[in-house]
Amino acid sequence: MFDLSVVAFDGRWILVDEREGELGDFATRDEALKAAGDFAVLDREPRHVLIQDDVGEWDETVVEPPQMH
């Protein structure tokens, strides 16, 4: 169910795919989650994303694919 994770590491936010590994690193959590939403375009479905903050706490969210015009 969770194939994408956003993990805080050394002041950056890393977007990680379960199969592909690291997909990119970002300055903010919001930027990383936006990038996760871009991956939702591939299957046009909302994506469940695990989020680990810099103190090791886990949370989850759902990101929607961007609107196609």
# chains A, B, ... in the order shown; residues from 1 in each chain; ligands from 1
call {"tool": "closest_atom_pairs", "arguments": {"of": "stretch 26-66 of chain A", "to": "stretch 12-20 of chain A", "cutoff": "12 Å", "atoms": "only C-alpha atoms", "output": "CSV"}}
result
residue,atom,partner,partner_atom,distance
A:Phe26,CA,A:Trp13,CA,5.0
A:Ala27,CA,A:Arg12,CA,5.2
A:Thr28,CA,A:Trp13,CA,6.1
A:Arg29,CA,A:Trp13,CA,5.8
A:Asp30,CA,A:Trp13,CA,9.0
A:Glu31,CA,A:Trp13,CA,8.4
A:Ala32,CA,A:Leu15,CA,6.0
A:Leu33,CA,A:Leu15,CA,8.0
A:Lys34,CA,A:Leu15,CA,10.1
A:Ala35,CA,A:Leu15,CA,7.8
A:Ala36,CA,A:Leu15,CA,7.2
A:Gly37,CA,A:Leu15,CA,11.0
A:Asp38,CA,A:Leu15,CA,11.6
A:Phe39,CA,A:Asp17,CA,9.9
A:Arg47,CA,A:Asp17,CA,11.6
A:His48,CA,A:Asp17,CA,11.7
A:Val49,CA,A:Leu15,CA,9.6
A:Leu50,CA,A:Val16,CA,9.7
A:Ile51,CA,A:Leu15,CA,9.3
A:Gln52,CA,A:Trp13,CA,9.2
A:Asp53,CA,A:Trp13,CA,8.7
A:Asp54,CA,A:Trp13,CA,9.1
call {"tool": "write_last_selection", "arguments": {"atoms": "N, CA and C atoms", "output": "PDB file, in the first residue's frame"}}
result
ATOM      1  N   PHE A  26      14.831  17.209  -1.293  1.00  0.00           N
ATOM      2  CA  PHE A  26      14.150  18.492  -1.347  1.00  0.00           C
ATOM      3  C   PHE A  26      14.419  19.288  -0.084  1.00  0.00           C
ATOM      4  N   ALA A  27      14.312  20.595  -0.184  1.00  0.00           N
ATOM      5  CA  ALA A  27      14.569  21.482   0.952  1.00  0.00           C
ATOM      6  C   ALA A  27      13.455  21.423   1.992  1.00  0.00           C
ATOM      7  N   THR A  28      12.221  21.147   1.548  1.00  0.00           N
ATOM      8  CA  THR A  28      11.091  21.143   2.478  1.00  0.00           C
ATOM      9  C   THR A  28      10.255  19.879   2.311  1.00  0.00           C
ATOM     10  N   ARG A  29       9.517  19.583   3.342  1.00  0.00           N
ATOM     11  CA  ARG A  29       8.587  18.448   3.310  1.00  0.00           C
ATOM     12  C   ARG A  29       7.536  18.664   2.232  1.00  0.00           C
ATOM     13  N   ASP A  30       7.011  19.884   2.119  1.00  0.00           N
ATOM     14  CA  ASP A  30       5.976  20.173   1.121  1.00  0.00           C
ATOM     15  C   ASP A  30       6.472  19.942  -0.304  1.00  0.00           C
ATOM     16  N   GLU A  31       7.733  20.310  -0.579  1.00  0.00           N
ATOM     17  CA  GLU A  31       8.291  20.073  -1.912  1.00  0.00           C
ATOM     18  C   GLU A  31       8.377  18.576  -2.201  1.00  0.00           C
ATOM     19  N   ALA A  32       8.788  17.801  -1.208  1.00  0.00           N
ATOM     20  CA  ALA A  32       8.889  16.347  -1.381  1.00  0.00           C
ATOM     21  C   ALA A  32       7.511  15.734  -1.607  1.00  0.00           C
ATOM     22  N   LEU A  33       6.504  16.205  -0.879  1.00  0.00           N
ATOM     23  CA  LEU A  33       5.152  15.683  -1.071  1.00  0.00           C
ATOM     24  C   LEU A  33       4.572  16.084  -2.418  1.00  0.00           C
ATOM     25  N   LYS A  34       4.915  17.269  -2.898  1.00  0.00           N
ATOM     26  CA  LYS A  34       4.476  17.671  -4.243  1.00  0.00           C
ATOM     27  C   LYS A  34       5.075  16.728  -5.286  1.00  0.00           C
ATOM     28  N   ALA A  35       6.346  16.395  -5.117  1.00  0.00           N
ATOM     29  CA  ALA A  35       6.985  15.454  -6.036  1.00  0.00           C
ATOM     30  C   ALA A  35       6.317  14.087  -5.961  1.00  0.00           C
ATOM     31  N   ALA A  36       5.923  13.661  -4.769  1.00  0.00           N
ATOM     32  CA  ALA A  36       5.200  12.394  -4.627  1.00  0.00           C
ATOM     33  C   ALA A  36       3.881  12.460  -5.401  1.00  0.00           C
ATOM     34  N   GLY A  37       3.223  13.603  -5.364  1.00  0.00           N
ATOM     35  CA  GLY A  37       1.996  13.787  -6.132  1.00  0.00           C
ATOM     36  C   GLY A  37       2.231  13.675  -7.625  1.00  0.00           C
ATOM     37  N   ASP A  38       3.398  14.135  -8.077  1.00  0.00           N
ATOM     38  CA  ASP A  38       3.728  14.015  -9.496  1.00  0.00           C
ATOM     39  C   ASP A  38       3.798  12.547  -9.919  1.00  0.00           C
ATOM     40  N   PHE A  39       4.245  11.666  -9.017  1.00  0.00           N
ATOM     41  CA  PHE A  39       4.274  10.245  -9.322  1.00  0.00           C
ATOM     42  C   PHE A  39       2.876   9.649  -9.371  1.00  0.00           C
ATOM     43  N   ARG A  47      -1.956   8.610  -3.928  1.00  0.00           N
ATOM     44  CA  ARG A  47      -0.878   7.762  -3.411  1.00  0.00           C
ATOM     45  C   ARG A  47      -0.761   7.959  -1.911  1.00  0.00           C
ATOM     46  N   HIS A  48      -0.681   6.866  -1.196  1.00  0.00           N
ATOM     47  CA  HIS A  48      -0.428   6.900   0.243  1.00  0.00           C
ATOM     48  C   HIS A  48       1.075   7.022   0.444  1.00  0.00           C
ATOM     49  N   VAL A  49       1.483   7.987   1.265  1.00  0.00           N
ATOM     50  CA  VAL A  49       2.902   8.256   1.484  1.00  0.00           C
ATOM     51  C   VAL A  49       3.193   8.216   2.978  1.00  0.00           C
ATOM     52  N   LEU A  50       4.222   7.455   3.349  1.00  0.00           N
ATOM     53  CA  LEU A  50       4.715   7.473   4.717  1.00  0.00           C
ATOM     54  C   LEU A  50       5.678   8.634   4.870  1.00  0.00           C
ATOM     55  N   ILE A  51       5.651   9.286   6.020  1.00  0.00           N
ATOM     56  CA  ILE A  51       6.524  10.432   6.278  1.00  0.00           C
ATOM     57  C   ILE A  51       7.250  10.182   7.594  1.00  0.00           C
ATOM     58  N   GLN A  52       8.579  10.260   7.549  1.00  0.00           N
ATOM     59  CA  GLN A  52       9.368  10.146   8.777  1.00  0.00           C
ATOM     60  C   GLN A  52      10.067  11.477   9.021  1.00  0.00           C
ATOM     61  N   ASP A  53       9.790  12.089  10.186  1.00  0.00           N
ATOM     62  CA  ASP A  53      10.401  13.378  10.476  1.00  0.00           C
ATOM     63  C   ASP A  53      11.808  13.186  11.034  1.00  0.00           C
ATOM     64  N   ASP A  54      12.457  14.302  11.371  1.00  0.00           N
ATOM     65  CA  ASP A  54      13.853  14.254  11.795  1.00  0.00           C
ATOM     66  C   ASP A  54      14.070  13.683  13.195  1.00  0.00           C
TER      67      ASP A  54
END
call {"tool": "select_by_dssp", "arguments": {"residues": "chain A", "states": "strand (DSSP E or B)", "output": "PyMOL selection string"}}
result
chain A and resi 4-9+12-17+21-26+47-52+58-63
call {"tool": "atom_distance", "arguments": {"atom1": "atom CA of A:Gln67", "atom2": "atom CA of A:Leu4"}}
result
19.9 Å
call {"tool": "select_by_dssp", "arguments": {"residues": "chain A", "states": "helix (DSSP H, G or I)", "output": "list in words"}}
result
Arg29, Asp30, Glu31, Ala32, Leu33, Lys34, Ala35, Ala36, Gly37, Asp38, Phe39 and Ala40 of chain A
call {"tool": "atom_distance", "arguments": {"atom1": "atom CA of A:Glu57", "atom2": "atom CA of A:Asp25"}}
result
18.9 Å
